[in-house]
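For reference, the structure is listed below as structure tokens.
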Amino acid sequence: QQSHERLEVSNLSLQGATGELRADGPGWLSSVRYNRDPLQSDRARSIETSSHAELFYLDVRFAREMTGNLDYREITFKQQVQAVYGPVAQWGNQVSAEQIVSRARPGGVLHSDQLTVADLRDEQSPGVEMLARGNIRVEGQEQSGFFTATGHALKYAHHKDLLILEGTGRTFAVLTRQQRIGAEPQTTRLERIVYQPRTNLLNTRYQELGSHFLE
């Protein structure tokens, strides 16, 4: 088994010849799939047999519409989008926004005007990548601590432990990190922020994500 999806939308249409799909909101899509650990050194081993493989949970809620292409493995959600994501141990497990915000388990909660999710099947770097635009707010909990971020655009690759946050040109992207409850928060304000949530590393210089999302 490679993935498991559940979907609730209105007026779902799928063009078999092109792979294009569309559906009206409000609706939601829930998915569990294999996600490669970024620390895995043996890229030749299959995801199914690797001891480092983990399952990645993603639940997206949206208000307006969902469009995409199954052949390209991309789906875009529009208006009042909320995405909850994080690692899970079994196919039937779920992650809730309340668990993450209360710091009960690792993962993230992302709010945006629009979100595109791509399932990359590249043998060298398979995994899920997300591109969000408009009124970005994300809250995340990792072993390294808790973080919140705001901005205009966000590019995130969970399997690479890499988050790129951008401002609008007139407003900065803002990242606040807290290693533990009671610790002093650290806030960074820049036009572009490159951050590794699981290791709590911050790189203020431009860093290539290696994704077709980057312009």
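Within each chain, counting starts at residue 1; across the structure tokens, chains are named A, B, ... in the order shown, with ligands numbered 1 upward in that order.
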#### Entry: DSSP strand (DSSP E) residues within range 80-134 of chain A, listed as number ranges by chain
A: 80-88, 107-120, 127-134
Please report as CSV every residue of range 103-201 of chain A lying within 6 Å of range 15-39 of chain A, along with the nearest atom pair and their distance in Å (one decimal), using only C-alpha atoms.
residue,atom,partner,partner_atom,distance
A:Gly127,CA,A:Asn35,CA,5.1
A:His159,CA,A:Arg36,CA,5.5
A:Lys160,CA,A:Pro38,CA,5.1
Determine which residues of range 72-166 of chain A DSSP labels as helix (DSSP H, G or I) from the backbone of this structure, then write them out as a PDB file with N, CA, C and O atoms, in the first residue's frame.
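Result saved to part-v2.pdb:
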ATOM      1  N   ALA A  97      -5.552  19.500  14.712  1.00  0.00           N
ATOM      2  CA  ALA A  97      -4.962  20.806  14.950  1.00  0.00           C
ATOM      3  C   ALA A  97      -4.795  21.066  16.437  1.00  0.00           C
ATOM      4  O   ALA A  97      -3.802  21.663  16.873  1.00  0.00           O
ATOM      5  N   GLU A  98      -5.747  20.614  17.234  1.00  0.00           N
ATOM      6  CA  GLU A  98      -5.678  20.826  18.677  1.00  0.00           C
ATOM      7  C   GLU A  98      -4.454  20.139  19.283  1.00  0.00           C
ATOM      8  O   GLU A  98      -3.802  20.681  20.186  1.00  0.00           O
ATOM      9  N   GLN A  99      -4.110  18.943  18.805  1.00  0.00           N
ATOM     10  CA  GLN A  99      -2.950  18.223  19.322  1.00  0.00           C
ATOM     11  C   GLN A  99      -1.655  18.981  19.054  1.00  0.00           C
ATOM     12  O   GLN A  99      -0.759  19.024  19.895  1.00  0.00           O
ATOM     13  N   ILE A 100      -1.564  19.589  17.884  1.00  0.00           N
ATOM     14  CA  ILE A 100      -0.342  20.303  17.519  1.00  0.00           C
ATOM     15  C   ILE A 100      -0.237  21.628  18.260  1.00  0.00           C
ATOM     16  O   ILE A 100       0.804  21.956  18.838  1.00  0.00           O
ATOM     17  N   VAL A 101      -1.321  22.410  18.269  1.00  0.00           N
ATOM     18  CA  VAL A 101      -1.299  23.715  18.913  1.00  0.00           C
ATOM     19  C   VAL A 101      -1.065  23.582  20.418  1.00  0.00           C
ATOM     20  O   VAL A 101      -0.400  24.418  21.036  1.00  0.00           O
ATOM     21  N   HIS A 158       8.267  18.446   3.786  1.00  0.00           N
ATOM     22  CA  HIS A 158       8.415  17.759   5.066  1.00  0.00           C
ATOM     23  C   HIS A 158       9.530  16.724   5.014  1.00  0.00           C
ATOM     24  O   HIS A 158      10.296  16.581   5.968  1.00  0.00           O
ATOM     25  N   HIS A 159       9.641  15.993   3.906  1.00  0.00           N
ATOM     26  CA  HIS A 159      10.640  14.938   3.812  1.00  0.00           C
ATOM     27  C   HIS A 159      12.055  15.497   3.731  1.00  0.00           C
ATOM     28  O   HIS A 159      13.016  14.767   3.940  1.00  0.00           O
ATOM     29  N   LYS A 160      12.205  16.786   3.414  1.00  0.00           N
ATOM     30  CA  LYS A 160      13.520  17.430   3.397  1.00  0.00           C
ATOM     31  C   LYS A 160      13.738  18.298   4.637  1.00  0.00           C
ATOM     32  O   LYS A 160      14.802  18.906   4.775  1.00  0.00           O
TER      33      LYS A 160
END
### Query
Interatomic distance between CA of Thr148 in chain A and CA of Leu115 in chain A?
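CA of Thr148 in chain A sits 17.9 Å away from CA of Leu115 in chain A.
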### Summary
Val128 in chain A proximity check over A:Ser3, A:Gln90, A:Thr187, A:Thr176, using only C-alpha atoms: winner is A:Ser3
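Ranking A:Ile164, A:Leu58, A:Val174, A:Ala89 by their shortest atom-to-atom distance to Ala118 in chain A, with only C-alpha atoms included, puts A:Leu58 first.
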### Query
CA of Leu165 in chain A and CA of Leu190 in chain A, how far apart in Å?
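For CA of Leu190 in chain A relative to CA of Leu165 in chain A, the distance reads 9.1 Å.
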### Task
Find the residue from A:Leu120, A:Ala104, A:Ala63, A:Leu55 that sits nearest to Trp91 in chain A; use only C-alpha atoms when measuring.
A:Leu55
### Query
Which residues come within 9 Å of Gly107 in chain A, counting only C-alpha atoms, excluding same-chain residues fewer than 4 positions away, as a PyMOL selection string?
chain A and resi 84-87+95+97+99-100+139-142
